file upload-v5.tsv (TSV, C-alpha atoms)
chain	number	residue	atom	x	y	z
M	78	MET	CA	91.18	82.64	113.11
M	79	LYS	CA	93.18	82.28	116.34
M	80	ASN	CA	96.52	81.01	115.01
M	81	PRO	CA	98.88	84.03	114.92
M	82	ARG	CA	100.97	82.47	112.14
M	83	ALA	CA	97.90	81.91	109.99
M	84	VAL	CA	96.84	85.52	110.52
M	85	GLU	CA	100.32	86.73	109.59
M	86	ARG	CA	100.27	84.64	106.40
M	87	LEU	CA	96.87	86.03	105.50
M	88	CYS	CA	98.03	89.61	106.05
M	89	HIS	CA	101.23	89.07	104.07
M	90	THR	CA	99.27	87.54	101.19
M	91	THR	CA	96.74	90.38	101.27
M	92	GLY	CA	99.54	92.94	101.31
M	93	LEU	CA	101.22	91.31	98.33
M	94	LEU	CA	97.95	91.32	96.39
M	95	LEU	CA	97.50	95.03	97.12
M	96	VAL	CA	101.05	95.71	95.93
M	97	LEU	CA	100.31	93.66	92.79
M	98	SER	CA	97.18	95.74	92.24
M	99	GLY	CA	99.26	98.90	92.39
M	100	LEU	CA	101.78	97.52	89.90
M	101	VAL	CA	99.01	96.37	87.53
M	102	HIS	CA	97.55	99.86	87.52
M	103	LEU	CA	100.98	101.28	86.81
M	104	VAL	CA	100.89	99.23	83.61
M	105	VAL	CA	97.34	100.47	82.97
M	106	PHE	CA	98.61	104.03	83.30
M	107	ALA	CA	101.47	103.33	80.88
M	108	VAL	CA	99.00	101.96	78.32
M	109	ASP	CA	96.05	104.28	78.86
M	110	GLY	CA	97.96	107.45	79.64
M	111	GLY	CA	96.22	110.47	81.07
M	112	PRO	CA	97.35	112.82	83.83
M	113	TRP	CA	99.39	111.54	86.76
M	114	ASP	CA	98.25	114.30	89.11
M	115	GLY	CA	94.75	115.47	89.91
M	116	PRO	CA	91.66	113.95	91.53
M	117	VAL	CA	91.00	111.64	88.57
M	118	SER	CA	94.09	109.70	87.51
M	119	TRP	CA	95.66	106.25	87.62
M	120	ARG	CA	98.10	107.59	90.22
M	121	LYS	CA	95.70	106.90	93.06
M	122	PRO	CA	95.17	103.13	92.55
M	123	VAL	CA	98.91	102.82	91.93
M	124	THR	CA	100.13	104.72	94.98
M	125	PHE	CA	97.40	103.53	97.33
M	126	GLY	CA	97.79	99.91	96.28
M	127	LEU	CA	101.55	100.02	96.79
M	128	SER	CA	101.37	102.07	99.99
M	129	PHE	CA	98.61	100.09	101.69
M	130	GLY	CA	100.17	96.79	100.63
M	131	VAL	CA	103.64	97.67	101.91
M	132	THR	CA	102.20	99.18	105.10
M	133	LEU	CA	100.12	96.08	105.85
M	134	ILE	CA	103.12	93.80	105.35
M	135	ALA	CA	105.33	96.10	107.43
M	136	LEU	CA	102.87	96.38	110.31
M	137	THR	CA	102.29	92.62	110.36
M	138	TRP	CA	106.04	92.19	110.86
M	139	VAL	CA	106.71	95.15	113.15
M	140	THR	CA	103.85	94.40	115.53
M	141	SER	CA	105.48	91.03	116.25
M	142	TYR	CA	107.95	93.01	118.40
M	143	LEU	CA	105.16	94.54	120.49
M	144	ARG	CA	104.27	93.10	123.87
M	145	THR	CA	100.61	92.50	123.09
M	146	GLY	CA	98.63	89.29	123.46
M	147	ASP	CA	98.48	87.07	120.39
M	148	ARG	CA	94.69	87.13	120.27
M	149	LEU	CA	94.48	90.93	120.44
M	150	ARG	CA	97.21	91.39	117.85
M	151	SER	CA	95.61	88.84	115.52
M	152	ALA	CA	92.20	90.49	115.82
M	153	LEU	CA	93.64	93.95	115.12
M	154	LEU	CA	95.63	92.68	112.14
M	155	LEU	CA	92.55	91.03	110.63
M	156	VAL	CA	90.58	94.26	110.89
M	157	LEU	CA	93.57	96.17	109.47
M	158	ALA	CA	93.81	93.82	106.47
M	159	ALA	CA	90.09	94.14	105.75
M	160	ASP	CA	90.28	97.91	106.08
M	161	CYS	CA	93.22	98.12	103.66
M	162	VAL	CA	91.29	96.07	101.09
M	163	VAL	CA	88.22	98.31	101.42
M	164	GLU	CA	90.30	101.47	101.01
M	165	VAL	CA	92.19	100.29	97.93
M	166	ALA	CA	89.06	98.73	96.39
M	167	GLY	CA	87.07	101.95	96.76
M	168	ILE	CA	89.83	104.07	95.28
M	169	THR	CA	90.40	101.64	92.42
M	170	LEU	CA	86.68	101.39	91.64
M	171	GLN	CA	86.39	105.16	91.33
M	172	ALA	CA	89.49	105.35	89.16
M	173	TRP	CA	87.91	102.94	86.68
M	174	ARG	CA	84.69	104.97	86.80
M	175	ARG	CA	86.76	108.07	85.98
M	176	VAL	CA	85.53	110.02	88.99
M	177	PRO	CA	87.29	111.29	92.14
M	178	SER	CA	87.41	108.80	95.01
M	179	HIS	CA	87.67	111.21	97.94
M	180	LEU	CA	85.48	114.21	98.75
M	181	ASN	CA	83.16	113.31	95.86
M	182	MET	CA	79.51	114.02	96.68
M	183	GLU	CA	78.24	114.35	93.09
M	184	THR	CA	75.88	111.35	93.28
M	185	SER	CA	74.52	109.16	96.05
M	186	PHE	CA	76.83	106.33	94.99
M	187	ASP	CA	79.88	108.61	94.97
M	188	SER	CA	78.88	109.92	98.40
M	189	ALA	CA	78.59	106.35	99.69
M	190	VAL	CA	82.08	105.49	98.42
M	191	SER	CA	83.55	108.68	99.90
M	192	MET	CA	81.91	107.97	103.24
M	193	ALA	CA	83.13	104.37	103.20
M	194	LEU	CA	86.67	105.59	102.58
M	195	ALA	CA	86.35	108.16	105.37
M	196	VAL	CA	85.06	105.52	107.81
M	197	GLY	CA	87.85	103.22	106.75
M	198	GLY	CA	90.32	105.99	107.44
M	199	ALA	CA	88.86	106.47	110.92
M	200	VAL	CA	89.16	102.74	111.62
M	201	LEU	CA	92.77	102.90	110.45
M	202	VAL	CA	93.48	105.74	112.87
M	203	VAL	CA	92.06	103.77	115.79
M	204	LEU	CA	93.96	100.57	114.95
M	205	LEU	CA	97.31	102.23	114.43
M	206	THR	CA	96.89	104.37	117.53
M	207	VAL	CA	96.33	101.20	119.58
M	208	PHE	CA	99.55	99.72	118.18
M	209	ALA	CA	101.43	102.97	118.81
M	210	VAL	CA	100.26	103.14	122.42
M	211	ALA	CA	101.29	99.52	122.92
M	212	SER	CA	104.80	100.30	121.63
M	213	PHE	CA	105.26	102.99	124.28
M	214	ARG	CA	103.43	101.24	127.08
M	215	HIS	CA	105.79	98.26	127.06
M	216	ARG	CA	109.30	98.24	125.63
M	217	PRO	CA	109.30	96.38	122.28
M	218	THR	CA	111.43	93.29	121.90
M	219	GLY	CA	114.02	92.62	119.21
M	220	PRO	CA	117.71	93.17	118.49
M	221	ALA	CA	119.75	96.23	119.46
M	222	GLY	CA	118.08	99.41	118.23
M	223	MET	CA	114.77	97.74	117.41
M	224	PRO	CA	112.83	99.17	120.40
M	225	LEU	CA	113.81	102.72	119.39
M	226	ALA	CA	113.11	102.02	115.72
M	227	VAL	CA	109.64	100.65	116.48
M	228	ARG	CA	108.72	103.47	118.84
M	229	CYS	CA	110.00	106.21	116.55
M	230	GLY	CA	108.30	104.55	113.57
M	231	PHE	CA	104.94	104.48	115.34
M	232	ALA	CA	105.36	108.05	116.64
M	233	LEU	CA	105.94	109.31	113.10
M	234	LEU	CA	103.09	107.15	111.87
M	235	LEU	CA	100.80	109.13	114.19
M	236	VAL	CA	102.01	112.27	112.37
M	237	ALA	CA	100.95	110.64	109.10
M	238	LEU	CA	97.54	109.87	110.56
M	239	ALA	CA	97.12	113.43	111.83
M	240	SER	CA	98.09	114.92	108.45
M	241	GLY	CA	95.71	112.53	106.68
M	242	ALA	CA	92.89	113.52	108.99
M	243	ALA	CA	93.67	117.19	108.38
M	244	MET	CA	93.48	116.67	104.61
M	245	ILE	CA	90.10	114.98	104.88
M	246	ALA	CA	88.73	117.55	107.32
M	247	ARG	CA	89.71	120.52	105.19
M	248	GLY	CA	88.42	118.85	102.03
M	249	VAL	CA	85.07	118.07	103.65
M	250	VAL	CA	84.68	121.67	104.82
M	251	LEU	CA	85.40	123.00	101.34
M	252	THR	CA	83.05	120.47	99.79
M	253	ARG	CA	80.24	121.30	102.19
M	254	THR	CA	80.63	125.02	101.46
M	255	GLY	CA	80.40	124.53	97.70
M	256	HIS	CA	84.11	124.68	96.82
M	257	GLN	CA	84.41	121.23	95.26
M	258	GLU	CA	87.35	121.97	92.96
M	259	ALA	CA	89.26	123.68	95.76
M	260	ALA	CA	88.64	120.63	97.97
M	261	TYR	CA	90.34	118.35	95.44
M	262	HIS	CA	93.46	120.53	95.41
M	263	SER	CA	93.52	121.42	99.12
M	264	THR	CA	95.40	118.26	100.10
M	265	ALA	CA	98.56	119.03	98.11
M	266	PRO	CA	100.54	120.84	100.86
M	267	LEU	CA	100.12	117.95	103.31
M	268	LYS	CA	100.90	115.09	100.92
M	269	PRO	CA	104.72	115.18	101.37
M	270	LEU	CA	104.34	115.18	105.15
M	271	HIS	CA	101.82	112.36	104.98
M	272	GLY	CA	103.93	110.25	102.62
M	273	VAL	CA	107.27	110.70	104.41
M	274	SER	CA	105.97	110.02	107.91
M	275	LEU	CA	103.81	107.07	106.83
M	276	HIS	CA	106.66	104.68	106.07
M	277	ALA	CA	109.00	105.34	109.00
M	278	VAL	CA	107.45	102.33	110.72
M	279	LEU	CA	108.95	100.16	107.96
M	280	VAL	CA	112.23	101.95	107.21
M	281	LEU	CA	113.58	102.26	110.76
M	282	PRO	CA	112.77	98.71	111.99
M	283	LEU	CA	114.11	97.33	108.70
M	284	LEU	CA	117.37	99.17	109.35
M	285	ALA	CA	117.59	97.76	112.89
M	286	TRP	CA	116.93	94.26	111.53
M	287	ALA	CA	119.58	94.64	108.81
M	288	LEU	CA	122.14	95.88	111.35
M	289	SER	CA	121.48	92.81	113.50
M	290	ARG	CA	122.93	90.77	110.64
M	291	THR	CA	126.27	92.64	110.86
M	292	PRO	CA	129.22	91.90	113.18
M	293	TRP	CA	129.04	95.38	114.70
M	294	SER	CA	128.59	95.80	118.43
M	295	GLU	CA	125.18	96.44	119.97
M	296	LYS	CA	126.34	99.90	121.03
M	297	ALA	CA	127.30	100.80	117.45
M	298	ARG	CA	124.02	99.49	116.09
M	299	ARG	CA	122.00	101.47	118.62
M	300	ARG	CA	123.88	104.63	117.66
M	301	ILE	CA	123.23	104.08	113.96
M	302	VAL	CA	119.52	103.51	114.56
M	303	ALA	CA	119.40	106.60	116.80
M	304	ALA	CA	121.10	108.68	114.10
M	305	ALA	CA	118.72	107.35	111.44
M	306	ALA	CA	115.72	108.06	113.66
M	307	GLY	CA	116.98	111.61	114.18
M	308	CYS	CA	117.47	112.16	110.45
M	309	TYR	CA	114.04	110.73	109.65
M	310	THR	CA	112.42	112.91	112.29
M	311	ALA	CA	114.22	115.94	110.86
M	312	ALA	CA	112.89	115.10	107.38
M	313	VAL	CA	109.36	114.90	108.77
M	314	ALA	CA	109.87	118.23	110.55
M	315	VAL	CA	110.98	119.87	107.29
M	316	ALA	CA	107.91	118.47	105.52
M	317	ALA	CA	105.75	119.78	108.38
M	318	VAL	CA	107.23	123.28	108.08
M	319	TRP	CA	106.68	123.26	104.32
M	320	ALA	CA	103.10	122.13	104.86
M	321	ALA	CA	102.49	124.88	107.42
M	322	VAL	CA	103.89	127.55	105.10
M	323	THR	CA	101.92	126.43	102.05
M	324	TYR	CA	98.73	125.16	103.72

call {"tool": "encode", "arguments": {"input": "upload-v5.tsv", "output": "structure tokens"}}
result
Amino acid sequence: MKNPRAVERLCHTTGLLLVLSGLVHLVVFAVDGGPWDGPVSWRKPVTFGLSFGVTLIALTWVTSYLRTGDRLRSALLLVLAADCVVEVAGITLQAWRRVPSHLNMETSFDSAVSMALAVGGAVLVVLLTVFAVASFRHRPTGPAGMPLAVRCGFALLLVALASGAAMIARGVVLTRTGHQEAAYHSTAPLKPLHGVSLHAVLVLPLLAWALSRTPWSEKARRRIVAAAAGCYTAAVAVAAVWAAVTY
């Protein structure tokens, strides 16, 4: 599929379906009940469906401001969309089976799902790192404040990727050393950092876009975006300190 617009439509549709999956499982949780926290709960298909769906939609839009070739961007977005589907599908499958989705090596099937999710996570890291590098290699396009918003969003997204990798790495070590229950709970300190930093790539560019619809001067809009980027970075720093203290 070489048409960039067709790829964008496919990614937007896929993202919306993932968001719908998250909302459906929120209804399932309301009907079925059970714990919200813990390795086995309806929280995971809800939050992962919503998060991956919103992130896919956001990245499809935000990457349009990057100075990358259409063919490369389209190829990366297609892989990203497929990866998001695999991640949410694996997590949702395990939720319906009433078993943990991550760090679960109880059976060969569970191990295969956990490994698939881990590989998918690695692919996600590579894809998003490529986009992040592109945002700093060439100044992004867009209205006043958008270049800063895009670059700061991708920089903080790398923090989310690093914290996610740290959660998986620590959980794998605990699992391999026979501390399965500890592995399930070891990710808690890093979850706020991971969640906050993950969505900066949507929030900041969305702010720059909204400001472009106002009559304010370009200088004023750049200052507002800069202030928002500073505040968001400070929030991520606070989450990082909390994670370091409680990790």

call {"tool": "closest_residue", "arguments": {"input": "upload-v5.tsv", "among": "M:Val196, M:Leu288, M:Leu154, M:Val190", "to": "M:Gly219", "atoms": "only C-alpha atoms"}}
result
M:Leu288

call {"tool": "atom_distance", "arguments": {"input": "upload-v5.tsv", "atom1": "atom CA of M:Leu155", "atom2": "atom CA of M:Arg120"}}
result
26.9 Å

call {"tool": "residues_around", "arguments": {"input": "upload-v5.tsv", "residues": "M:Cys88", "least_positions_apart": "3", "cutoff": "9 Å", "atoms": "all atoms listed in the file", "output": "PDB file with C-alpha atoms, keeping the file's coordinate frame"}}
result
ATOM      1  CA  ALA M  83      97.900  81.910 109.990  1.00  0.00           C
ATOM      2  CA  VAL M  84      96.840  85.520 110.520  1.00  0.00           C
ATOM      3  CA  GLU M  85     100.320  86.730 109.590  1.00  0.00           C
ATOM      4  CA  THR M  91      96.740  90.380 101.270  1.00  0.00           C
ATOM      5  CA  GLY M  92      99.540  92.940 101.310  1.00  0.00           C
ATOM      6  CA  LEU M  93     101.220  91.310  98.330  1.00  0.00           C
ATOM      7  CA  LEU M 133     100.120  96.080 105.850  1.00  0.00           C
ATOM      8  CA  ILE M 134     103.120  93.800 105.350  1.00  0.00           C
ATOM      9  CA  THR M 137     102.290  92.620 110.360  1.00  0.00           C
ATOM     10  CA  LEU M 154      95.630  92.680 112.140  1.00  0.00           C
ATOM     11  CA  LEU M 155      92.550  91.030 110.630  1.00  0.00           C
ATOM     12  CA  LEU M 157      93.570  96.170 109.470  1.00  0.00           C
ATOM     13  CA  ALA M 158      93.810  93.820 106.470  1.00  0.00           C
TER      14      ALA M 158
END

call {"tool": "atom_distance", "arguments": {"input": "upload-v5.tsv", "atom1": "atom CA of M:Ser128", "atom2": "atom CA of M:Gly230"}}
result
15.4 Å

call {"tool": "atom_distance", "arguments": {"input": "upload-v5.tsv", "atom1": "atom CA of M:Val176", "atom2": "atom CA of M:Ala316"}}
result
29.1 Å

call {"tool": "residues_around", "arguments": {"input": "upload-v5.tsv", "residues": "M:Leu281", "least_positions_apart": "3", "cutoff": "12 Å", "atoms": "all atoms listed in the file", "output": "PyMOL selection string"}}
result
chain M and resi 135+139+222-234+274-278+284-288+299+301-310

call {"tool": "closest_residue", "arguments": {"input": "upload-v5.tsv", "among": "M:Leu143, M:Leu136, M:Val162, M:Met192", "to": "M:Val96", "atoms": "only C-alpha atoms"}}
result
M:Val162

call {"tool": "residues_around", "arguments": {"input": "upload-v5.tsv", "residues": "M:Ala189", "least_positions_apart": "4", "cutoff": "12 Å", "atoms": "all atoms listed in the file", "output": "list in words"}}
result
Gly167, Gln171, Ser178, His179, Leu180, Asn181, Met182, Glu183, Thr184, Ser185, Ala193, Leu194, Ala195 and Val196 of chain M

call {"tool": "closest_residue", "arguments": {"input": "upload-v5.tsv", "among": "M:Val236, M:Ala317, M:Val101, M:Ala211", "to": "M:Thr124", "atoms": "only C-alpha atoms"}}
result
M:Val101

call {"tool": "residues_around", "arguments": {"input": "upload-v5.tsv", "residues": "M:Asp147", "least_positions_apart": "4", "cutoff": "9 Å", "atoms": "only C-alpha atoms", "output": "PDB file with C-alpha atoms, in the frame of the given file"}}
result
ATOM      1  CA  LYS M  79      93.180  82.280 116.340  1.00  0.00           C
ATOM      2  CA  ASN M  80      96.520  81.010 115.010  1.00  0.00           C
ATOM      3  CA  PRO M  81      98.880  84.030 114.920  1.00  0.00           C
ATOM      4  CA  SER M 151      95.610  88.840 115.520  1.00  0.00           C
ATOM      5  CA  ALA M 152      92.200  90.490 115.820  1.00  0.00           C
TER       6      ALA M 152
END

call {"tool": "closest_residue", "arguments": {"input": "upload-v5.tsv", "among": "M:Leu94, M:Leu270, M:Leu87, M:Trp138", "to": "M:Trp319", "atoms": "all atoms listed in the file"}}
result
M:Leu270

call {"tool": "closest_residue", "arguments": {"input": "upload-v5.tsv", "among": "M:Val322, M:Phe129, M:Pro220, M:Ala243", "to": "M:Leu201", "atoms": "all atoms listed in the file"}}
result
M:Phe129
